[in-house]
>>> print(open('run31.cif').read())   # mmCIF, C-alpha atoms
data_structure
loop_
_atom_site.label_atom_id
_atom_site.label_comp_id
_atom_site.auth_asym_id
_atom_site.auth_seq_id
_atom_site.Cartn_x
_atom_site.Cartn_y
_atom_site.Cartn_z
CA MET A 1 194.63 74.21 114.84
CA SER A 2 191.09 74.23 116.19
CA ASN A 3 189.67 71.04 117.70
CA THR A 4 187.62 70.51 114.56
CA GLU A 5 190.71 70.86 112.37
CA GLU A 6 192.65 68.46 114.63
CA ILE A 7 189.90 65.85 114.40
CA ARG A 8 189.59 66.28 110.64
CA ALA A 9 193.37 65.79 110.31
CA LEU A 10 193.24 62.63 112.46
CA LEU A 11 190.44 61.18 110.35
CA THR A 12 192.38 61.96 107.18
CA GLU A 13 195.43 60.19 108.67
CA ARG A 14 193.33 57.18 109.69
CA VAL A 15 191.77 56.82 106.24
CA ALA A 16 195.23 57.12 104.63
CA ALA A 17 196.60 54.46 107.01
CA LEU A 18 193.76 52.10 106.12
CA GLY A 19 194.36 52.79 102.42
CA ARG A 20 198.00 51.69 102.73
CA ARG A 21 196.86 48.71 104.87
CA ASP A 22 198.69 49.85 107.99
CA ALA A 23 196.50 48.61 110.85
CA THR A 24 198.89 49.79 113.56
CA ALA A 25 198.77 53.42 112.39
CA ALA A 26 195.02 53.26 111.69
CA ASN A 27 194.18 51.97 115.18
CA ALA A 28 196.54 54.33 117.02
CA ILE A 29 193.72 56.88 117.30
CA LEU A 30 191.44 54.37 119.11
CA ASP A 31 191.11 54.87 122.87
CA ASP A 32 191.84 52.11 125.39
CA ASP A 33 188.20 52.33 126.52
CA LEU A 34 186.62 52.29 123.06
CA VAL A 35 183.04 51.00 122.88
CA ALA A 36 182.37 49.84 119.32
CA PHE A 37 179.11 49.01 117.56
CA GLU A 38 180.39 47.24 114.45
CA VAL A 39 178.71 46.63 111.08
CA SER A 40 178.22 42.92 111.75
CA GLY A 41 178.56 40.37 114.52
CA SER A 42 177.50 41.02 118.10
CA LEU A 43 175.64 44.13 119.32
CA GLN A 44 178.83 45.62 120.70
CA VAL A 45 182.43 44.53 120.86
CA SER A 46 184.97 44.99 123.60
CA SER A 47 187.72 47.55 123.38
CA ALA A 48 190.31 44.78 123.05
CA GLN A 49 188.49 43.31 120.05
CA ALA A 50 187.79 46.66 118.38
CA ARG A 51 191.36 47.90 118.86
CA GLY A 52 193.01 44.63 117.88
CA VAL A 53 195.60 45.32 115.20
CA ALA A 54 195.65 41.66 114.11
CA SER A 55 191.99 41.54 113.10
CA THR A 56 192.17 44.96 111.41
CA GLN A 57 195.27 43.80 109.51
CA LEU A 58 193.49 40.59 108.47
CA TRP A 59 190.62 42.67 107.05
CA LEU A 60 192.99 45.08 105.29
CA ASP A 61 195.02 42.20 103.83
CA SER A 62 191.88 40.78 102.20
CA PHE A 63 192.12 43.64 99.68
CA GLU A 64 194.07 43.44 96.43
CA GLU A 65 193.24 47.11 95.70
CA GLY A 66 192.26 49.56 98.41
CA PRO A 67 190.41 49.85 100.65
CA ASN A 68 189.76 53.43 99.61
CA ILE A 69 187.50 55.15 102.07
CA SER A 70 185.89 58.51 101.47
CA MET A 71 184.08 60.15 104.41
CA GLU A 72 181.21 61.90 102.63
CA GLU A 73 179.04 64.57 104.27
CA LEU A 74 181.41 64.63 107.24
CA THR A 75 180.10 66.80 110.09
CA ILE A 76 182.26 67.39 113.18
CA VAL A 77 180.67 68.84 116.31
CA ASP A 78 183.22 70.06 118.87
CA GLY A 79 182.17 70.44 122.50
CA GLY A 80 185.58 71.46 123.92
CA THR A 81 186.79 68.34 125.76
CA ALA A 82 184.61 65.91 123.82
CA ALA A 83 183.37 65.90 120.24
CA PHE A 84 181.51 63.71 117.80
CA CYS A 85 181.22 63.36 114.04
CA HIS A 86 179.04 61.59 111.54
CA SER A 87 179.53 60.72 107.90
CA ILE A 88 178.54 58.41 105.09
CA ASN A 89 181.62 56.29 104.43
CA HIS A 90 182.15 55.19 100.85
CA LEU A 91 184.29 52.05 100.82
CA GLN A 92 185.79 50.89 97.54
CA GLY A 93 188.31 48.24 96.63
CA ARG A 94 188.87 44.82 95.16
CA ARG A 95 189.41 41.60 97.07
CA HIS A 96 192.08 39.03 96.22
CA ASP A 97 189.35 36.83 94.69
CA GLY A 98 188.52 39.67 92.26
CA GLN A 99 185.33 40.69 93.99
CA ALA A 100 184.71 44.45 93.73
CA VAL A 101 183.65 46.26 96.90
CA ASP A 102 181.69 49.49 96.51
CA VAL A 103 179.40 50.25 99.43
CA ARG A 104 178.26 53.20 101.52
CA MET A 105 177.70 52.83 105.27
CA ARG A 106 176.88 55.18 108.13
CA SER A 107 179.57 56.14 110.65
CA SER A 108 179.25 57.99 113.97
CA LEU A 109 182.33 58.58 116.11
CA GLY A 110 182.73 59.97 119.62
CA PHE A 111 186.00 61.62 120.69
CA CYS A 112 187.63 62.61 123.99
CA LYS A 113 190.72 64.75 124.45
CA ARG A 114 193.26 62.79 126.53
CA ASP A 115 196.46 64.59 127.56
CA GLY A 116 196.02 67.01 124.67
CA HIS A 117 195.34 64.31 122.06
CA TRP A 118 191.99 63.38 120.55
CA LYS A 119 191.05 59.70 120.74
CA ILE A 120 188.05 57.78 119.43
CA VAL A 121 186.13 56.45 122.45
CA HIS A 122 183.00 55.38 120.59
CA ALA A 123 182.46 54.06 117.05
CA HIS A 124 179.14 53.07 115.49
CA THR A 125 179.11 51.77 111.91
CA SER A 126 176.08 50.29 110.19
CA PHE A 127 173.95 49.66 107.15
CA PRO A 128 170.21 50.20 107.36
CA ARG A 129 168.44 46.89 107.93
CA MET B 1 172.37 69.81 137.49
CA SER B 2 175.49 68.90 135.56
CA ASN B 3 175.29 68.55 131.79
CA THR B 4 175.38 64.77 132.17
CA GLU B 5 172.50 64.87 134.63
CA GLU B 6 170.51 67.19 132.33
CA ILE B 7 171.01 64.85 129.38
CA ARG B 8 170.13 61.79 131.44
CA ALA B 9 166.92 63.53 132.58
CA LEU B 10 166.03 64.43 128.98
CA LEU B 11 166.53 60.85 127.85
CA THR B 12 164.37 59.61 130.73
CA GLU B 13 161.65 62.09 129.69
CA ARG B 14 161.88 61.01 126.06
CA VAL B 15 161.59 57.31 126.91
CA ALA B 16 158.62 58.06 129.18
CA ALA B 17 156.95 60.10 126.40
CA LEU B 18 157.42 57.22 123.93
CA GLY B 19 156.02 54.82 126.53
CA ARG B 20 152.80 56.84 126.80
CA ARG B 21 152.76 57.18 122.97
CA ASP B 22 153.17 60.96 123.01
CA ALA B 23 155.14 61.69 119.83
CA THR B 24 155.00 65.48 120.30
CA ALA B 25 156.70 65.33 123.70
CA ALA B 26 159.14 62.63 122.57
CA ASN B 27 160.30 64.60 119.53
CA ALA B 28 160.54 67.95 121.35
CA ILE B 29 164.18 67.18 122.22
CA LEU B 30 165.12 66.74 118.52
CA ASP B 31 166.99 69.65 116.96
CA ASP B 32 165.81 71.41 113.79
CA ASP B 33 169.03 70.31 112.09
CA LEU B 34 168.96 66.67 113.18
CA VAL B 35 170.83 64.22 110.96
CA ALA B 36 169.40 60.74 111.54
CA PHE B 37 170.72 57.32 110.57
CA GLU B 38 167.64 55.15 111.15
CA VAL B 39 167.34 51.39 111.74
CA SER B 40 165.86 50.76 108.29
CA GLY B 41 165.17 52.56 105.03
CA SER B 42 167.61 54.94 103.40
CA LEU B 43 171.19 55.61 104.58
CA GLN B 44 170.15 58.86 106.24
CA VAL B 45 166.90 60.75 106.57
CA SER B 46 166.28 64.47 106.53
CA SER B 47 165.58 66.42 109.66
CA ALA B 48 161.98 66.98 108.57
CA GLN B 49 161.43 63.23 108.22
CA ALA B 50 163.24 62.29 111.44
CA ARG B 51 161.47 64.96 113.47
CA GLY B 52 158.04 64.36 111.94
CA VAL B 53 155.54 63.86 114.75
CA ALA B 54 153.04 62.17 112.40
CA SER B 55 155.34 59.28 111.49
CA THR B 56 156.51 58.84 115.10
CA GLN B 57 152.86 58.81 116.22
CA LEU B 58 152.00 56.23 113.55
CA TRP B 59 154.76 53.96 114.86
CA LEU B 60 153.74 54.49 118.51
CA ASP B 61 150.08 53.79 117.66
CA SER B 62 151.05 50.41 116.20
CA PHE B 63 151.56 49.22 119.80
CA GLU B 64 148.80 47.71 121.95
CA GLU B 65 151.22 47.52 124.92
CA GLY B 66 154.32 49.69 125.18
CA PRO B 67 156.68 50.49 123.62
CA ASN B 68 158.77 50.14 126.75
CA ILE B 69 162.32 51.22 126.10
CA SER B 70 165.21 50.62 128.46
CA MET B 71 168.53 52.31 127.67
CA GLU B 72 171.00 49.71 128.88
CA GLU B 73 174.72 50.40 129.41
CA LEU B 74 174.07 54.11 128.85
CA THR B 75 177.28 56.14 128.71
CA ILE B 76 177.10 59.93 128.44
CA VAL B 77 180.24 61.87 127.48
CA ASP B 78 179.97 65.62 128.11
CA GLY B 79 182.26 68.00 126.26
CA GLY B 80 180.84 71.26 127.57
CA THR B 81 178.84 72.68 124.66
CA ALA B 82 178.39 69.35 122.89
CA ALA B 83 177.99 65.81 124.19
CA PHE B 84 177.27 62.32 122.99
CA CYS B 85 175.93 59.09 124.44
CA HIS B 86 175.65 55.46 123.48
CA SER B 87 173.48 52.65 124.76
CA ILE B 88 171.91 49.32 123.95
CA ASN B 89 168.19 50.05 123.69
CA HIS B 90 165.89 47.25 124.77
CA LEU B 91 162.51 47.69 123.09
CA GLN B 92 159.57 45.67 124.33
CA GLY B 93 155.87 45.73 123.58
CA ARG B 94 152.99 44.09 121.79
CA ARG B 95 151.46 45.15 118.49
CA HIS B 96 147.73 45.38 117.84
CA ASP B 97 147.95 42.12 115.88
CA GLY B 98 149.28 40.38 119.02
CA GLN B 99 152.89 40.22 117.82
CA ALA B 100 155.36 40.53 120.70
CA VAL B 101 158.32 42.87 120.21
CA ASP B 102 161.46 42.20 122.24
CA VAL B 103 164.65 43.42 120.58
CA ARG B 104 167.91 45.11 121.46
CA MET B 105 169.47 47.68 119.13
CA ARG B 106 172.44 50.05 119.29
CA SER B 107 171.88 53.78 119.79
CA SER B 108 174.36 56.66 119.50
CA LEU B 109 173.17 60.23 120.03
CA GLY B 110 174.92 63.56 119.55
CA PHE B 111 173.80 66.64 121.52
CA CYS B 112 174.34 70.40 121.28
CA LYS B 113 173.42 73.00 123.86
CA ARG B 114 171.18 75.62 122.20
CA ASP B 115 170.20 78.68 124.28
CA GLY B 116 170.84 76.69 127.46
CA HIS B 117 168.88 73.62 126.34
CA TRP B 118 170.30 70.31 125.15
CA LYS B 119 169.01 69.08 121.79
CA ILE B 120 169.68 65.89 119.84
CA VAL B 121 171.45 66.90 116.61
CA HIS B 122 172.49 63.40 115.54
CA ALA B 123 170.89 59.98 116.04
CA HIS B 124 172.23 56.66 114.82
CA THR B 125 170.23 53.49 115.53
CA SER B 126 171.03 50.07 114.12
CA PHE B 127 171.17 46.32 114.34
CA PRO B 128 174.34 44.51 113.32
CA ARG B 129 173.99 43.19 109.77
#
>>> encode(input="run31.cif", output="structure tokens")
Amino acid sequence: MSNTEEIRALLTERVAALGRRDATAANAILDDDLVAFEVSGSLQVSSAQARGVASTQLWLDSFEEGPNISMEELTIVDGGTAAFCHSINHLQGRRHDGQAVDVRMRSSLGFCKRDGHWKIVHAHTSFPR
Amino acid sequence: MSNTEEIRALLTERVAALGRRDATAANAILDDDLVAFEVSGSLQVSSAQARGVASTQLWLDSFEEGPNISMEELTIVDGGTAAFCHSINHLQGRRHDGQAVDVRMRSSLGFCKRDGHWKIVHAHTSFPR
């Protein structure tokens, strides 16, 4: 597989893991030194926070249906030992309180190849202000 | 110069160009195929919009002092033929109406080397919601 194909496969696996609410599998692709710019909260969060399975699981468990994530307009740019991608992520689902979720947000990810495996070292997710 | 040094120099040039309100010089580093996720407005903007010197100049000309931009915590990850960086951008200045501007936002940039020159092909700028 080419680097681009490997990264596309990893993203497909991550989205599938989130869809079955498996935080451990979803976060396995996140690097130890991840720098994350999250949708809400502080400007940036530490690697420990961003990689924390407990908080990801808490978010996933708030869904009754989903979350189903579709990475629309996904573009992967491979540089050899590092790569990045950007997409519009369509998030759909239903919370336990019945509230429907159907939003599109912007996602940019940075990857490094560590010991032959691609890891996410940077994640930026946002809505326009 | 290493790729990382070249990219750092380009970013320094771009910030300096913005500081002297020279939209043409500032936007010269933007690739023809730029995909931009801007702070406000629509989810993504076309390359033509994002690279438009007129709209950048209009924004720059709204400042009486500045804009002074400092790229804090800048991390550049070089992959060889592509690279990315992330930073917290501290924007300071004063508008013609006297309003002070002093904000920090998140910036992620994706680069490709085209004919030996680094260009920004992806830009994502945001505040947390």
>>> residues_around(input="run31.cif", residues="Ala123 of chain B", least_positions_apart="5", cutoff="12 Å", atoms="all atoms listed in the file", output="number ranges by chain")
A: 84-87, 106-109, 124; B: 29-31, 33-39, 44-47, 50-51, 84-87, 106-111
>>> closest_residue(input="run31.cif", among="A:His117, A:His90, A:Leu74, A:Ala23", to="Trp59 of chain A", atoms="all atoms listed in the file")
A:Ala23
>>> resolve_selection(input="run31.cif", expression="the PyMOL selection byres ((chain A) within 6 of (chain B))", output="PyMOL selection string")
chain A and resi 39-40+79-82+128-129
>>> atom_distance(input="run31.cif", atom1="atom CA of Arg21 of chain A", atom2="atom CA of Pro67 of chain A")
7.8 Å
>>> atom_distance(input="run31.cif", atom1="atom CA of Ala9 of chain A", atom2="atom CA of Ile120 of chain A")
13.3 Å
>>> residues_near_point(input="run31.cif", point="(150.0, 59.4, 117.3)", cutoff="6 Å", atoms="only C-alpha atoms", output="PDB file with C-alpha atoms, in the coordinates of the input")
ATOM      1  CA  GLN B  57     152.860  58.810 116.220  1.00  0.00           C
ATOM      2  CA  LEU B  58     152.000  56.230 113.550  1.00  0.00           C
ATOM      3  CA  ASP B  61     150.080  53.790 117.660  1.00  0.00           C
TER       4      ASP B  61
END
>>> resolve_selection(input="run31.cif", expression="the PyMOL selection byres ((chain A and resi 26) around 8)", output="MDAnalysis selection string")
chainID A and resid 13:15 17:18 22:25 27:29
>>> closest_residue(input="run31.cif", among="B:Glu72, B:Glu64, B:Asp115, B:Asp32", to="Gln99 of chain B", atoms="all atoms listed in the file")
B:Glu64
>>> closest_residue(input="run31.cif", among="A:Ile76, A:Val101, A:Ala54, A:Ala16", to="Asn3 of chain A", atoms="all atoms listed in the file")
A:Ile76
>>> closest_residue(input="run31.cif", among="A:Leu60, A:Gly52, A:Met1, A:Gly19", to="Arg95 of chain A", atoms="all atoms listed in the file")
A:Leu60
>>> atom_distance(input="run31.cif", atom1="atom CA of Arg8 of chain B", atom2="atom CA of Lys119 of chain B")
12.1 Å
>>> residues_near_point(input="run31.cif", point="(159.5, 46.3, 121.8)", cutoff="10 Å", atoms="all atoms listed in the file", output="MDAnalysis selection string")
chainID B and resid 63 65:70 89:95 99:104
>>> build_atoms(input="run31.cif", residues="segment 67-78 of chain B", atoms="all heavy atoms", output="mmCIF file, in the frame of the given file")
data_model
loop_
_atom_site.group_PDB
_atom_site.id
_atom_site.type_symbol
_atom_site.label_atom_id
_atom_site.label_comp_id
_atom_site.auth_asym_id
_atom_site.auth_seq_id
_atom_site.Cartn_x
_atom_site.Cartn_y
_atom_site.Cartn_z
ATOM 1 N N PRO B 67 155.369 51.116 123.477
ATOM 2 C CA PRO B 67 156.680 50.490 123.620
ATOM 3 C C PRO B 67 157.378 50.890 124.929
ATOM 4 O O PRO B 67 157.375 52.066 125.307
ATOM 5 C CB PRO B 67 157.456 51.055 122.425
ATOM 6 C CG PRO B 67 156.859 52.410 122.196
ATOM 7 C CD PRO B 67 155.410 52.259 122.548
ATOM 8 N N ASN B 68 157.943 49.889 125.582
ATOM 9 C CA ASN B 68 158.770 50.140 126.750
ATOM 10 C C ASN B 68 160.224 50.062 126.312
ATOM 11 O O ASN B 68 160.656 49.049 125.760
ATOM 12 C CB ASN B 68 158.491 49.095 127.837
ATOM 13 C CG ASN B 68 157.045 49.165 128.295
ATOM 14 O OD1 ASN B 68 156.544 50.221 128.649
ATOM 15 N ND2 ASN B 68 156.358 48.020 128.250
ATOM 16 N N ILE B 69 160.934 51.156 126.537
ATOM 17 C CA ILE B 69 162.320 51.220 126.100
ATOM 18 C C ILE B 69 163.218 51.382 127.311
ATOM 19 O O ILE B 69 162.979 52.238 128.164
ATOM 20 C CB ILE B 69 162.540 52.401 125.126
ATOM 21 C CG1 ILE B 69 161.669 52.219 123.877
ATOM 22 C CG2 ILE B 69 164.022 52.524 124.738
ATOM 23 C CD1 ILE B 69 161.562 53.457 123.017
ATOM 24 N N SER B 70 164.226 50.536 127.385
ATOM 25 C CA SER B 70 165.210 50.620 128.460
ATOM 26 C C SER B 70 166.576 50.873 127.821
ATOM 27 O O SER B 70 167.011 50.115 126.955
ATOM 28 C CB SER B 70 165.188 49.301 129.237
ATOM 29 O OG SER B 70 166.296 49.232 130.076
ATOM 30 N N MET B 71 167.207 51.973 128.234
ATOM 31 C CA MET B 71 168.530 52.310 127.670
ATOM 32 C C MET B 71 169.596 51.653 128.524
ATOM 33 O O MET B 71 170.021 52.195 129.548
ATOM 34 C CB MET B 71 168.709 53.831 127.610
ATOM 35 C CG MET B 71 167.652 54.513 126.747
ATOM 36 S SD MET B 71 167.876 56.323 126.572
ATOM 37 C CE MET B 71 169.224 56.382 125.362
ATOM 38 N N GLU B 72 170.034 50.484 128.095
ATOM 39 C CA GLU B 72 171.000 49.710 128.880
ATOM 40 C C GLU B 72 172.426 50.167 128.582
ATOM 41 O O GLU B 72 172.737 50.561 127.458
ATOM 42 C CB GLU B 72 170.848 48.216 128.541
ATOM 43 C CG GLU B 72 169.454 47.687 128.873
ATOM 44 C CD GLU B 72 169.182 46.276 128.370
ATOM 45 O OE1 GLU B 72 170.026 45.735 127.631
ATOM 46 O OE2 GLU B 72 168.124 45.733 128.710
ATOM 47 N N GLU B 73 173.289 50.053 129.573
ATOM 48 C CA GLU B 73 174.720 50.400 129.410
ATOM 49 C C GLU B 73 174.883 51.820 128.863
ATOM 50 O O GLU B 73 175.761 52.064 128.034
ATOM 51 C CB GLU B 73 175.432 49.381 128.521
ATOM 52 C CG GLU B 73 175.309 47.958 129.064
ATOM 53 C CD GLU B 73 176.009 46.930 128.180
ATOM 54 O OE1 GLU B 73 177.200 47.127 127.884
ATOM 55 O OE2 GLU B 73 175.373 45.931 127.813
ATOM 56 N N LEU B 74 174.019 52.718 129.319
ATOM 57 C CA LEU B 74 174.070 54.110 128.850
ATOM 58 C C LEU B 74 175.333 54.812 129.345
ATOM 59 O O LEU B 74 175.614 54.847 130.538
ATOM 60 C CB LEU B 74 172.830 54.865 129.365
ATOM 61 C CG LEU B 74 172.781 56.376 129.086
ATOM 62 C CD1 LEU B 74 172.769 56.662 127.590
ATOM 63 C CD2 LEU B 74 171.549 57.001 129.758
ATOM 64 N N THR B 75 176.082 55.346 128.402
ATOM 65 C CA THR B 75 177.280 56.140 128.710
ATOM 66 C C THR B 75 177.101 57.515 128.087
ATOM 67 O O THR B 75 176.821 57.626 126.896
ATOM 68 C CB THR B 75 178.542 55.474 128.113
ATOM 69 O OG1 THR B 75 178.700 54.188 128.703
ATOM 70 C CG2 THR B 75 179.790 56.299 128.391
ATOM 71 N N ILE B 76 177.233 58.557 128.912
ATOM 72 C CA ILE B 76 177.100 59.930 128.440
ATOM 73 C C ILE B 76 178.476 60.595 128.567
ATOM 74 O O ILE B 76 179.094 60.546 129.630
ATOM 75 C CB ILE B 76 176.070 60.710 129.270
ATOM 76 C CG1 ILE B 76 174.693 60.059 129.157
ATOM 77 C CG2 ILE B 76 175.994 62.180 128.812
ATOM 78 C CD1 ILE B 76 173.648 60.607 130.138
ATOM 79 N N VAL B 77 178.949 61.182 127.474
ATOM 80 C CA VAL B 77 180.240 61.870 127.480
ATOM 81 C C VAL B 77 179.979 63.349 127.201
ATOM 82 O O VAL B 77 179.515 63.714 126.117
ATOM 83 C CB VAL B 77 181.200 61.275 126.430
ATOM 84 C CG1 VAL B 77 182.532 62.021 126.437
ATOM 85 C CG2 VAL B 77 181.420 59.787 126.683
ATOM 86 N N ASP B 78 180.258 64.183 128.183
ATOM 87 C CA ASP B 78 179.970 65.620 128.110
ATOM 88 C C ASP B 78 181.225 66.382 127.720
ATOM 89 O O ASP B 78 182.275 66.215 128.342
ATOM 90 C CB ASP B 78 179.474 66.094 129.489
ATOM 91 C CG ASP B 78 179.463 67.599 129.583
ATOM 92 O OD1 ASP B 78 179.124 68.255 128.588
ATOM 93 O OD2 ASP B 78 179.799 68.123 130.666
#
